[in-house]
$ cat work19.cif   # mmCIF, C-alpha atoms and all ligand atoms
data_data
#
loop_
_atom_site.group_PDB
_atom_site.id
_atom_site.type_symbol
_atom_site.label_atom_id
_atom_site.label_comp_id
_atom_site.auth_asym_id
_atom_site.auth_seq_id
_atom_site.Cartn_x
_atom_site.Cartn_y
_atom_site.Cartn_z
ATOM 1 C CA MET B 1 0.000 0.000 0.000
ATOM 2 C CA THR B 2 1.094 3.545 -0.781
ATOM 3 C CA ALA B 3 0.241 6.286 1.710
ATOM 4 C CA ARG B 4 0.054 9.818 0.242
ATOM 5 C CA VAL B 5 -0.485 13.092 2.082
ATOM 6 C CA ARG B 6 -0.409 16.772 1.096
ATOM 7 C CA VAL B 7 0.532 19.381 3.689
ATOM 8 C CA PRO B 8 0.267 23.181 3.279
ATOM 9 C CA ALA B 9 2.862 25.853 3.913
ATOM 10 C CA THR B 10 2.121 27.970 6.968
ATOM 11 C CA SER B 11 2.905 31.422 8.263
ATOM 12 C CA ALA B 12 3.208 31.695 12.053
ATOM 13 C CA ASN B 13 2.895 34.706 14.382
ATOM 14 C CA LEU B 14 1.259 37.067 11.819
ATOM 15 C CA GLY B 15 2.842 39.949 13.747
ATOM 16 C CA PRO B 16 1.397 40.160 17.291
ATOM 17 C CA GLY B 17 0.419 36.462 17.645
ATOM 18 C CA TYR B 18 3.881 35.226 18.632
ATOM 19 C CA ASP B 19 3.833 31.418 19.092
ATOM 20 C CA ALA B 20 0.022 31.519 18.912
ATOM 21 C CA PHE B 21 -1.323 32.483 15.465
ATOM 22 C CA GLY B 22 -0.947 30.481 12.255
ATOM 23 C CA LEU B 23 -2.284 30.794 8.713
ATOM 24 C CA ALA B 24 -2.226 27.983 6.135
ATOM 25 C CA LEU B 25 -1.143 28.906 2.604
ATOM 26 C CA ALA B 26 -1.905 27.249 -0.737
ATOM 27 C CA LEU B 27 1.617 25.962 -1.389
ATOM 28 C CA TYR B 28 2.288 22.301 -0.660
ATOM 29 C CA ASP B 29 4.654 19.464 0.082
ATOM 30 C CA VAL B 30 3.413 16.034 -1.016
ATOM 31 C CA PHE B 31 4.743 12.978 0.805
ATOM 32 C CA GLU B 32 4.385 9.294 -0.121
ATOM 33 C CA ALA B 33 5.516 6.138 1.662
ATOM 34 C CA GLU B 34 5.307 2.382 1.344
ATOM 35 C CA PRO B 35 6.300 -0.275 3.870
ATOM 36 C CA ALA B 36 9.844 -1.510 3.079
ATOM 37 C CA GLU B 37 12.693 -3.607 4.495
ATOM 38 C CA ARG B 38 14.746 -0.513 5.317
ATOM 39 C CA TRP B 39 14.355 3.262 5.440
ATOM 40 C CA THR B 40 15.029 5.173 2.200
ATOM 41 C CA VAL B 41 14.223 8.780 1.225
ATOM 42 C CA GLU B 42 13.971 10.497 -2.183
ATOM 43 C CA ILE B 43 13.469 14.259 -2.388
ATOM 44 C CA THR B 44 12.491 16.346 -5.408
ATOM 45 C CA GLY B 45 11.821 20.094 -5.518
ATOM 46 C CA GLU B 46 12.696 22.490 -2.691
ATOM 47 C CA GLY B 47 15.638 21.333 -0.571
ATOM 48 C CA GLU B 48 16.479 18.389 -2.844
ATOM 49 C CA ASP B 49 20.203 19.159 -2.646
ATOM 50 C CA ALA B 50 20.248 20.250 1.001
ATOM 51 C CA LEU B 51 17.892 18.081 3.048
ATOM 52 C CA ARG B 52 19.047 14.857 4.661
ATOM 53 C CA THR B 53 18.084 11.591 2.988
ATOM 54 C CA ASP B 54 19.185 9.315 5.834
ATOM 55 C CA GLU B 55 17.358 8.490 9.058
ATOM 56 C CA GLY B 56 17.940 12.081 10.211
ATOM 57 C CA ASN B 57 15.404 13.239 7.610
ATOM 58 C CA GLU B 58 12.533 15.077 9.352
ATOM 59 C CA VAL B 59 9.798 13.035 7.632
ATOM 60 C CA VAL B 60 11.471 9.766 8.610
ATOM 61 C CA ARG B 61 12.092 10.924 12.205
ATOM 62 C CA SER B 62 8.418 11.841 12.520
ATOM 63 C CA MET B 63 7.242 8.537 11.037
ATOM 64 C CA ARG B 64 9.465 6.649 13.454
ATOM 65 C CA HIS B 65 8.157 8.718 16.345
ATOM 66 C CA LEU B 66 4.610 7.779 15.358
ATOM 67 C CA PHE B 67 5.557 4.103 15.029
ATOM 68 C CA ASP B 68 7.175 4.163 18.508
ATOM 69 C CA THR B 69 4.139 5.944 19.977
ATOM 70 C CA VAL B 70 1.635 3.385 18.691
ATOM 71 C CA GLY B 71 3.908 0.331 19.090
ATOM 72 C CA TYR B 72 4.347 -0.490 15.385
ATOM 73 C CA SER B 73 7.641 -1.835 14.099
ATOM 74 C CA GLY B 74 8.706 -1.482 10.500
ATOM 75 C CA ALA B 75 10.442 0.733 7.962
ATOM 76 C CA ALA B 76 9.315 2.543 4.825
ATOM 77 C CA SER B 77 10.514 4.005 1.546
ATOM 78 C CA VAL B 78 9.607 7.690 1.512
ATOM 79 C CA ARG B 79 9.253 10.181 -1.373
ATOM 80 C CA CYS B 80 8.973 13.938 -0.842
ATOM 81 C CA GLU B 81 7.840 16.359 -3.576
ATOM 82 C CA ASN B 82 8.601 19.634 -1.861
ATOM 83 C CA GLY B 83 6.957 22.875 -2.944
ATOM 84 C CA ILE B 84 7.696 24.777 0.283
ATOM 85 C CA PRO B 85 11.034 26.654 0.393
ATOM 86 C CA VAL B 86 13.238 25.437 3.249
ATOM 87 C CA GLY B 87 14.278 27.614 6.199
ATOM 88 C CA ARG B 88 12.515 30.799 5.046
ATOM 89 C CA GLY B 89 9.670 31.065 7.571
ATOM 90 C CA LEU B 90 7.005 29.216 5.562
ATOM 91 C CA GLY B 91 6.686 26.148 7.785
ATOM 92 C CA SER B 92 8.760 23.618 5.833
ATOM 93 C CA SER B 93 9.763 21.727 8.988
ATOM 94 C CA ALA B 94 6.175 21.744 10.299
ATOM 95 C CA ALA B 95 5.005 20.323 6.958
ATOM 96 C CA ALA B 96 7.637 17.565 7.106
ATOM 97 C CA ILE B 97 6.692 16.680 10.688
ATOM 98 C CA VAL B 98 2.937 16.651 10.051
ATOM 99 C CA GLY B 99 3.490 14.729 6.792
ATOM 100 C CA GLY B 100 5.670 12.131 8.516
ATOM 101 C CA LEU B 101 3.203 11.621 11.365
ATOM 102 C CA LEU B 102 0.263 11.216 8.963
ATOM 103 C CA LEU B 103 2.192 8.783 6.739
ATOM 104 C CA GLY B 104 3.184 6.807 9.839
ATOM 105 C CA ASP B 105 -0.418 6.776 11.044
ATOM 106 C CA LEU B 106 -1.652 5.489 7.666
ATOM 107 C CA ILE B 107 0.984 2.745 7.427
ATOM 108 C CA ALA B 108 0.600 1.648 11.057
ATOM 109 C CA GLY B 109 -3.206 1.728 10.683
ATOM 110 C CA SER B 110 -3.444 3.551 14.009
ATOM 111 C CA GLU B 111 -6.100 6.103 12.952
ATOM 112 C CA LEU B 112 -5.102 8.680 15.552
ATOM 113 C CA PRO B 113 -7.402 11.707 15.766
ATOM 114 C CA ARG B 114 -6.121 14.939 14.204
ATOM 115 C CA GLU B 115 -5.863 16.490 17.685
ATOM 116 C CA ARG B 116 -3.345 13.764 18.681
ATOM 117 C CA ILE B 117 -1.370 14.307 15.448
ATOM 118 C CA PHE B 118 -1.269 18.024 16.343
ATOM 119 C CA GLU B 119 -0.003 17.267 19.899
ATOM 120 C CA LEU B 120 2.740 14.944 18.639
ATOM 121 C CA ALA B 121 3.739 17.455 15.950
ATOM 122 C CA SER B 122 3.925 20.287 18.516
ATOM 123 C CA GLU B 123 6.251 18.214 20.706
ATOM 124 C CA LEU B 124 8.527 17.454 17.756
ATOM 125 C CA GLU B 125 8.526 21.043 16.428
ATOM 126 C CA GLY B 126 8.945 22.673 19.845
ATOM 127 C CA HIS B 127 6.221 25.294 19.257
ATOM 128 C CA PRO B 128 2.639 24.723 18.091
ATOM 129 C CA ASP B 129 1.749 27.613 15.753
ATOM 130 C CA ASN B 130 2.964 26.288 12.377
ATOM 131 C CA VAL B 131 1.877 22.704 12.975
ATOM 132 C CA ALA B 132 -1.644 23.807 14.036
ATOM 133 C CA ALA B 133 -2.227 25.603 10.721
ATOM 134 C CA ALA B 134 -0.585 22.724 8.797
ATOM 135 C CA VAL B 135 -2.901 20.150 10.412
ATOM 136 C CA PHE B 136 -6.180 22.105 10.501
ATOM 137 C CA GLY B 137 -5.828 24.749 7.728
ATOM 138 C CA GLY B 138 -7.301 28.270 7.788
ATOM 139 C CA PHE B 139 -6.463 30.566 10.696
ATOM 140 C CA THR B 140 -5.448 28.889 13.947
ATOM 141 C CA VAL B 141 -4.863 30.130 17.490
ATOM 142 C CA CYS B 142 -2.789 28.000 19.876
ATOM 143 C CA TRP B 143 -2.300 27.956 23.621
ATOM 144 C CA GLN B 144 -0.620 25.690 26.164
ATOM 145 C CA ASP B 145 -1.754 24.520 29.578
ATOM 146 C CA GLY B 146 0.776 21.741 30.001
ATOM 147 C CA ALA B 147 -0.472 20.292 26.688
ATOM 148 C CA PRO B 148 -0.752 22.213 23.417
ATOM 149 C CA HIS B 149 -4.200 23.165 22.105
ATOM 150 C CA ALA B 150 -5.397 24.795 18.887
ATOM 151 C CA ALA B 151 -8.613 26.452 17.820
ATOM 152 C CA ARG B 152 -9.287 26.644 14.097
ATOM 153 C CA VAL B 153 -11.156 29.751 13.044
ATOM 154 C CA GLU B 154 -12.726 30.160 9.610
ATOM 155 C CA PRO B 155 -11.386 33.416 8.145
ATOM 156 C CA GLY B 156 -14.352 35.623 7.254
ATOM 157 C CA GLY B 157 -14.246 37.132 3.748
ATOM 158 C CA GLY B 158 -11.509 36.631 1.204
ATOM 159 C CA PHE B 159 -7.800 36.508 2.020
ATOM 160 C CA ALA B 160 -4.544 36.092 0.113
ATOM 161 C CA ALA B 161 -0.871 36.705 0.814
ATOM 162 C CA VAL B 162 1.987 38.351 -1.010
ATOM 163 C CA ILE B 163 5.199 36.549 -0.152
ATOM 164 C CA ALA B 164 8.531 38.389 -0.308
ATOM 165 C CA LEU B 165 10.794 35.354 -0.089
ATOM 166 C CA SER B 166 14.321 35.999 1.073
ATOM 167 C CA ASP B 167 17.221 34.580 -0.964
ATOM 168 C CA THR B 168 18.851 33.505 2.287
ATOM 169 C CA ALA B 169 17.678 31.140 5.028
ATOM 170 C CA LEU B 170 17.489 31.963 8.747
ATOM 171 C CA SER B 171 17.402 29.255 11.396
ATOM 172 C CA THR B 172 14.487 29.447 13.824
ATOM 173 C CA THR B 173 16.944 28.704 16.644
ATOM 174 C CA GLU B 174 19.004 31.777 15.775
ATOM 175 C CA ALA B 175 15.846 33.907 15.490
ATOM 176 C CA ARG B 176 14.552 32.646 18.856
ATOM 177 C CA ASP B 177 17.935 33.242 20.492
ATOM 178 C CA ALA B 178 17.647 36.911 19.445
ATOM 179 C CA LEU B 179 14.642 37.437 21.731
ATOM 180 C CA PRO B 180 15.008 38.983 25.199
ATOM 181 C CA ASP B 181 13.883 37.075 28.314
ATOM 182 C CA THR B 182 11.445 39.849 29.285
ATOM 183 C CA VAL B 183 9.574 42.731 27.639
ATOM 184 C CA SER B 184 8.039 45.814 29.222
ATOM 185 C CA HIS B 185 4.456 45.881 30.478
ATOM 186 C CA VAL B 186 3.753 48.649 27.947
ATOM 187 C CA ASP B 187 4.918 46.515 25.020
ATOM 188 C CA ALA B 188 3.077 43.426 26.297
ATOM 189 C CA ALA B 189 -0.164 45.410 26.626
ATOM 190 C CA PHE B 190 0.329 47.019 23.201
ATOM 191 C CA THR B 191 0.820 43.611 21.560
ATOM 192 C CA ALA B 192 -2.058 41.916 23.404
ATOM 193 C CA GLY B 193 -4.424 44.591 22.089
ATOM 194 C CA ARG B 194 -3.131 44.254 18.532
ATOM 195 C CA ALA B 195 -3.414 40.444 18.670
ATOM 196 C CA GLY B 196 -7.052 40.731 19.736
ATOM 197 C CA LEU B 197 -7.753 43.204 16.937
ATOM 198 C CA LEU B 198 -6.081 40.983 14.367
ATOM 199 C CA ALA B 199 -7.972 37.844 15.419
ATOM 200 C CA ALA B 200 -11.259 39.768 15.392
ATOM 201 C CA GLY B 201 -10.475 41.269 11.983
ATOM 202 C CA ILE B 202 -9.581 37.912 10.411
ATOM 203 C CA THR B 203 -12.654 36.228 11.864
ATOM 204 C CA LEU B 204 -15.048 39.008 10.854
ATOM 205 C CA GLY B 205 -13.361 39.780 7.519
ATOM 206 C CA ARG B 206 -12.764 43.414 8.631
ATOM 207 C CA SER B 207 -9.748 44.841 6.808
ATOM 208 C CA ASP B 208 -9.686 47.961 9.044
ATOM 209 C CA LEU B 209 -9.162 45.780 12.151
ATOM 210 C CA VAL B 210 -6.612 43.563 10.387
ATOM 211 C CA ALA B 211 -4.648 46.613 9.227
ATOM 212 C CA ALA B 212 -4.594 48.019 12.785
ATOM 213 C CA GLY B 213 -3.680 44.619 14.239
ATOM 214 C CA LEU B 214 -0.643 43.803 12.088
ATOM 215 C CA VAL B 215 1.872 45.368 14.485
ATOM 216 C CA ASP B 216 4.067 43.589 17.017
ATOM 217 C CA ARG B 217 6.423 44.491 19.832
ATOM 218 C CA LEU B 218 7.178 41.018 21.230
ATOM 219 C CA HIS B 219 9.462 39.551 18.581
ATOM 220 C CA GLU B 220 9.783 41.518 15.328
ATOM 221 C CA PRO B 221 11.787 44.470 16.733
ATOM 222 C CA PHE B 222 14.361 42.032 18.181
ATOM 223 C CA ARG B 223 14.781 40.095 14.941
ATOM 224 C CA GLU B 224 14.967 42.905 12.415
ATOM 225 C CA HIS B 225 18.749 43.272 12.678
ATOM 226 C CA LEU B 226 19.007 39.719 11.292
ATOM 227 C CA MET B 227 17.230 40.931 8.109
ATOM 228 C CA PRO B 228 18.624 44.331 7.142
ATOM 229 C CA ASP B 229 16.242 44.896 4.189
ATOM 230 C CA ILE B 230 13.105 44.280 6.217
ATOM 231 C CA GLY B 231 11.961 47.924 6.458
ATOM 232 C CA ALA B 232 12.243 48.500 2.704
ATOM 233 C CA THR B 233 10.446 45.219 2.003
ATOM 234 C CA ARG B 234 7.498 46.087 4.266
ATOM 235 C CA ASP B 235 7.268 49.581 2.785
ATOM 236 C CA ALA B 236 7.268 48.219 -0.764
ATOM 237 C CA LEU B 237 4.471 45.735 -0.012
ATOM 238 C CA VAL B 238 2.273 48.326 1.699
ATOM 239 C CA SER B 239 2.913 50.985 -0.975
ATOM 240 C CA ALA B 240 1.890 48.435 -3.606
ATOM 241 C CA GLY B 241 -1.451 47.779 -1.903
ATOM 242 C CA ALA B 242 -1.032 45.205 0.900
ATOM 243 C CA ILE B 243 -3.007 46.207 4.018
ATOM 244 C CA GLY B 244 -0.033 45.345 6.237
ATOM 245 C CA ALA B 245 3.201 43.345 6.198
ATOM 246 C CA VAL B 246 4.723 41.122 8.898
ATOM 247 C CA LEU B 247 7.546 38.657 9.315
ATOM 248 C CA SER B 248 6.379 35.219 8.242
ATOM 249 C CA GLY B 249 7.155 33.132 11.322
ATOM 250 C CA ALA B 250 10.651 33.969 12.496
ATOM 251 C CA GLY B 251 11.503 35.426 9.061
ATOM 252 C CA PRO B 252 13.341 36.220 6.891
ATOM 253 C CA THR B 253 10.340 36.029 4.528
ATOM 254 C CA VAL B 254 7.853 38.916 4.755
ATOM 255 C CA LEU B 255 4.131 38.346 4.259
ATOM 256 C CA GLY B 256 1.845 41.077 2.951
ATOM 257 C CA PHE B 257 -1.874 40.706 3.719
ATOM 258 C CA VAL B 258 -4.523 41.233 1.066
ATOM 259 C CA MET B 259 -8.279 41.084 1.713
ATOM 260 C CA ALA B 260 -11.274 41.235 -0.638
ATOM 261 C CA GLU B 261 -14.861 39.946 -0.956
ATOM 262 C CA SER B 262 -13.747 36.411 -1.875
ATOM 263 C CA ASP B 263 -10.537 34.368 -1.853
ATOM 264 C CA ASP B 264 -10.444 34.555 -5.677
ATOM 265 C CA ASP B 265 -10.702 38.365 -5.663
ATOM 266 C CA ALA B 266 -8.043 38.559 -2.943
ATOM 267 C CA LEU B 267 -5.691 36.348 -4.969
ATOM 268 C CA ASP B 268 -6.203 38.540 -8.064
ATOM 269 C CA GLU B 269 -5.322 41.608 -5.982
ATOM 270 C CA ALA B 270 -2.327 39.809 -4.410
ATOM 271 C CA LEU B 271 -1.057 38.996 -7.925
ATOM 272 C CA ARG B 272 -1.283 42.703 -8.813
ATOM 273 C CA VAL B 273 0.590 43.679 -5.624
ATOM 274 C CA ALA B 274 3.256 41.026 -6.269
ATOM 275 C CA THR B 275 3.733 42.275 -9.843
ATOM 276 C CA ARG B 276 4.208 45.841 -8.590
ATOM 277 C CA VAL B 277 6.950 44.822 -6.121
ATOM 278 C CA ALA B 278 8.631 42.044 -8.091
ATOM 279 C CA GLU B 279 11.727 44.188 -8.410
ATOM 280 C CA LEU B 280 12.919 43.930 -4.778
ATOM 281 C CA ARG B 281 16.614 43.136 -4.477
ATOM 282 C CA GLY B 282 17.393 39.799 -2.849
ATOM 283 C CA ARG B 283 13.758 38.717 -2.739
ATOM 284 C CA HIS B 284 11.437 36.730 -4.959
ATOM 285 C CA VAL B 285 7.897 38.137 -4.682
ATOM 286 C CA PHE B 286 4.792 36.058 -5.453
ATOM 287 C CA ALA B 287 1.118 35.702 -4.507
ATOM 288 C CA LEU B 288 -0.466 32.785 -2.649
ATOM 289 C CA GLY B 289 -4.034 31.954 -1.768
ATOM 290 C CA ILE B 290 -4.861 30.729 1.702
ATOM 291 C CA ASP B 291 -5.502 27.039 2.404
ATOM 292 C CA ARG B 292 -8.722 26.257 4.245
ATOM 293 C CA ASP B 293 -8.359 22.442 4.351
ATOM 294 C CA GLY B 294 -5.097 21.704 6.190
ATOM 295 C CA ALA B 295 -3.282 18.421 5.635
ATOM 296 C CA THR B 296 -5.181 16.058 3.361
ATOM 297 C CA ILE B 297 -4.847 12.337 2.654
ATOM 298 C CA HIS B 298 -4.870 11.250 -0.985
HETATM 299 N N1 LIG R 1 6.580 31.178 16.551
HETATM 300 C C1 LIG R 1 7.823 30.726 15.999
HETATM 301 C C2 LIG R 1 8.866 31.813 16.191
HETATM 302 C C3 LIG R 1 7.623 30.430 14.538
HETATM 303 O O1 LIG R 1 8.562 32.960 15.912
HETATM 304 O O2 LIG R 1 9.972 31.495 16.622
HETATM 305 C C4 LIG R 1 8.843 29.911 13.871
HETATM 306 O O3 LIG R 1 8.478 29.509 12.563
#
$ encode --input "work19.cif" --output "structure tokens" --more "lines below"
Ligand code: HSE
Amino acid sequence: MTARVRVPATSANLGPGYDAFGLALALYDVFEAEPAERWTVEITGEGEDALRTDEGNEVVRSMRHLFDTVGYSGAASVRCENGIPVGRGLGSSAAAIVGGLLLGDLIAGSELPRERIFELASELEGHPDNVAAAVFGGFTVCWQDGAPHAARVEPGGGFAAVIALSDTALSTTEARDALPDTVSHVDAAFTAGRAGLLAAGITLGRSDLVAAGLVDRLHEPFREHLMPDIGATRDALVSAGAIGAVLSGAGPTVLGFVMAESDDDALDEALRVATRVAELRGRHVFALGIDRDGATIH
């Protein structure tokens, strides 16, 4: 039997929702696996020359973790068709983890609920925001109370993203190490208010609230020195028509928000914005729709 899953790219944080907000994007990795005598991995597309193809591969590690969790023993041959750029803040590692867990679940026949897949993926990733959006799709809000939880919220109205993809990668570890241990009460209160506005705006489809909410003081100001062109990139996206621009996850990619009556209209507008700013130095600019389905089994 061949197991086949498709997992979306994701953008975490969305500005003020540090380690809490996630948005699934219509750009995908597709993973396939069959039971085999020994572990093998083939990769095509993004990361084909850089990602590991031994047992340190993220998809294989996640499959093995699932097998250990449910008490299944075996190996598999794995194929990855990667559409998500690696190490740029678009959730490539979350996609690999979620893909590996779902492949493992299909091969082991364990039929774990999606909530359990999300918990296991959060443990492996170390933070829940990307994996929540990868598993459930749409807009997700995460919290922890000893265990990770996620609420999926249907974005109201039409959404699309303009992606200003950096030529260079940035490790999440380096970007997390750049954060201070504490922030001021003023900055915490500022960001809490903006996060509430943003979540309300996405849920209600209110572009005025989204525009006001896309500002952060918990992580972006401490990471900007790692991405010297960030100010010019944000300005270019907003001047071209995005309603706001934030770091995608820990960066270095920048995501511009576009809203309209429907997802199709928003994608048309995002394409126009991307065309206007395609000239940015050191960045490849393109439009993406949002994904409302999350990881799917084929
Ligand atoms: N919330 C995480 C961070 C996302 O900002 O470090 C990393 O993709």
$ atom_distance --input "work19.cif" --atom1 "CA of Leu165 (chain B)" --atom2 "CA of Asp29 (chain B)"
17.0 Å
$ residues_near_ligand --input "work19.cif" --ligand "ligand LIG 1 (chain R)" --cutoff "10 Å" --atoms "all atoms listed in the file" --output "PyMOL selection string"
chain B and resi 10-15+17-22+87-94+125-131+171-179+218-220+223+247-251
$ atom_distance --input "work19.cif" --atom1 "CA of Glu269 (chain B)" --atom2 "CA of Pro8 (chain B)"
21.4 Å
$ closest_residue --input "work19.cif" --among "B:Val215, B:Val98, B:Met259, B:Ala236" --to "Gly156 (chain B)" --atoms "all atoms listed in the file"
B:Met259
$ closest_residue --input "work19.cif" --among "B:Arg194, B:His65, B:Arg38, B:Arg116" --to "Gly213 (chain B)" --atoms "all atoms listed in the file"
B:Arg194
$ atom_distance --input "work19.cif" --atom1 "CA of Leu120 (chain B)" --atom2 "CA of Asn57 (chain B)"
16.9 Å
$ closest_residue --input "work19.cif" --among "B:Ile290, B:Ala242, B:Val153, B:Val162" --to "Ala278 (chain B)" --atoms "all atoms listed in the file"
B:Val162
$ residues_around --input "work19.cif" --residues "Ile107 (chain B)" --least-positions-apart "5" --cutoff "12 Å" --atoms "all atoms listed in the file" --output "count of residues only"
26
$ axis_aligned_box --input "work19.cif" --around "region 218-228 of chain B" --padding-each-side "3 Å" --output "lines of an AutoDock Vina configuration file"
center_x = 13.1
center_y = 42.0
center_z = 14.2
size_x = 17.8
size_y = 10.9
size_z = 20.1
$ resolve_selection --input "work19.cif" --expression "the PyMOL selection byres (((chain B and resi 159) around 12) and not hetatm)" --output "tab-separated table (two decimals) with C-alpha atoms, keeping the file's coordinate frame"
chain	number	residue	atom	x	y	z
B	23	LEU	CA	-2.28	30.79	8.71
B	24	ALA	CA	-2.23	27.98	6.14
B	25	LEU	CA	-1.14	28.91	2.60
B	26	ALA	CA	-1.90	27.25	-0.74
B	138	GLY	CA	-7.30	28.27	7.79
B	139	PHE	CA	-6.46	30.57	10.70
B	154	GLU	CA	-12.73	30.16	9.61
B	155	PRO	CA	-11.39	33.42	8.14
B	156	GLY	CA	-14.35	35.62	7.25
B	157	GLY	CA	-14.25	37.13	3.75
B	158	GLY	CA	-11.51	36.63	1.20
B	160	ALA	CA	-4.54	36.09	0.11
B	161	ALA	CA	-0.87	36.70	0.81
B	162	VAL	CA	1.99	38.35	-1.01
B	201	GLY	CA	-10.48	41.27	11.98
B	202	ILE	CA	-9.58	37.91	10.41
B	203	THR	CA	-12.65	36.23	11.86
B	204	LEU	CA	-15.05	39.01	10.85
B	205	GLY	CA	-13.36	39.78	7.52
B	206	ARG	CA	-12.76	43.41	8.63
B	207	SER	CA	-9.75	44.84	6.81
B	210	VAL	CA	-6.61	43.56	10.39
B	242	ALA	CA	-1.03	45.20	0.90
B	243	ILE	CA	-3.01	46.21	4.02
B	256	GLY	CA	1.84	41.08	2.95
B	257	PHE	CA	-1.87	40.71	3.72
B	258	VAL	CA	-4.52	41.23	1.07
B	259	MET	CA	-8.28	41.08	1.71
B	260	ALA	CA	-11.27	41.24	-0.64
B	261	GLU	CA	-14.86	39.95	-0.96
B	262	SER	CA	-13.75	36.41	-1.88
B	263	ASP	CA	-10.54	34.37	-1.85
B	264	ASP	CA	-10.44	34.56	-5.68
B	265	ASP	CA	-10.70	38.36	-5.66
B	266	ALA	CA	-8.04	38.56	-2.94
B	267	LEU	CA	-5.69	36.35	-4.97
B	268	ASP	CA	-6.20	38.54	-8.06
B	269	GLU	CA	-5.32	41.61	-5.98
B	270	ALA	CA	-2.33	39.81	-4.41
B	287	ALA	CA	1.12	35.70	-4.51
B	288	LEU	CA	-0.47	32.78	-2.65
B	289	GLY	CA	-4.03	31.95	-1.77
B	290	ILE	CA	-4.86	30.73	1.70
B	291	ASP	CA	-5.50	27.04	2.40
B	292	ARG	CA	-8.72	26.26	4.24
$ resolve_selection --input "work19.cif" --expression "the PyMOL selection byres (((chain B and resi 58) around 8) and not hetatm)" --output "number ranges by chain"
B: 56-57, 59-62, 93, 96-97, 100
$ write_last_selection --input "work19.cif" --atoms "C-alpha atoms" --output "mmCIF file, in the frame of the given file"
data_model
loop_
_atom_site.group_PDB
_atom_site.id
_atom_site.type_symbol
_atom_site.label_atom_id
_atom_site.label_comp_id
_atom_site.auth_asym_id
_atom_site.auth_seq_id
_atom_site.Cartn_x
_atom_site.Cartn_y
_atom_site.Cartn_z
ATOM 1 C CA GLY B 56 17.940 12.081 10.211
ATOM 2 C CA ASN B 57 15.404 13.239 7.610
ATOM 3 C CA VAL B 59 9.798 13.035 7.632
ATOM 4 C CA VAL B 60 11.471 9.766 8.610
ATOM 5 C CA ARG B 61 12.092 10.924 12.205
ATOM 6 C CA SER B 62 8.418 11.841 12.520
ATOM 7 C CA SER B 93 9.763 21.727 8.988
ATOM 8 C CA ALA B 96 7.637 17.565 7.106
ATOM 9 C CA ILE B 97 6.692 16.680 10.688
ATOM 10 C CA GLY B 100 5.670 12.131 8.516
#
$ closest_residue --input "work19.cif" --among "B:Ala295, B:Leu237, B:Asp181, B:Ala200" --to "Phe118 (chain B)" --atoms "all atoms listed in the file"
B:Ala295
$ resolve_selection --input "work19.cif" --expression "the PyMOL selection byres (((chain B and resi 240) around 9) and not hetatm)" --output "mmCIF file with C-alpha atoms, in the coordinates of the input"
data_model
loop_
_atom_site.group_PDB
_atom_site.id
_atom_site.type_symbol
_atom_site.label_atom_id
_atom_site.label_comp_id
_atom_site.auth_asym_id
_atom_site.auth_seq_id
_atom_site.Cartn_x
_atom_site.Cartn_y
_atom_site.Cartn_z
ATOM 1 C CA ASP B 235 7.268 49.581 2.785
ATOM 2 C CA ALA B 236 7.268 48.219 -0.764
ATOM 3 C CA LEU B 237 4.471 45.735 -0.012
ATOM 4 C CA VAL B 238 2.273 48.326 1.699
ATOM 5 C CA SER B 239 2.913 50.985 -0.975
ATOM 6 C CA GLY B 241 -1.451 47.779 -1.903
ATOM 7 C CA ALA B 242 -1.032 45.205 0.900
ATOM 8 C CA ARG B 272 -1.283 42.703 -8.813
ATOM 9 C CA VAL B 273 0.590 43.679 -5.624
ATOM 10 C CA ALA B 274 3.256 41.026 -6.269
ATOM 11 C CA THR B 275 3.733 42.275 -9.843
ATOM 12 C CA ARG B 276 4.208 45.841 -8.590
ATOM 13 C CA VAL B 277 6.950 44.822 -6.121
#
$ residues_around --input "work19.cif" --residues "Arg234 (chain B)" --least-positions-apart "4" --cutoff "8 Å" --atoms "all atoms listed in the file" --output "VMD selection string"
chain B and resid 230 238 244 to 246 254 256
$ closest_residue --input "work19.cif" --among "B:Leu124, B:Val86, B:Val183, B:Ala189" --to "Phe222 (chain B)" --atoms "all atoms listed in the file"
B:Val183
$ closest_residue --input "work19.cif" --among "B:Ser166, B:Gln144, B:Thr182, B:Thr69" --to "Phe286 (chain B)" --atoms "all atoms listed in the file"
B:Ser166
$ residues_around --input "work19.cif" --residues "region 190-193 of chain B" --least-positions-apart "3" --cutoff "6 Å" --atoms "only C-alpha atoms" --output "ChimeraX atom specification"
/B:16,187,196,216-217
$ residues_around --input "work19.cif" --residues "Asn82 (chain B)" --least-positions-apart "5" --cutoff "7 Å" --atoms "all atoms listed in the file" --output "count of residues only"
6
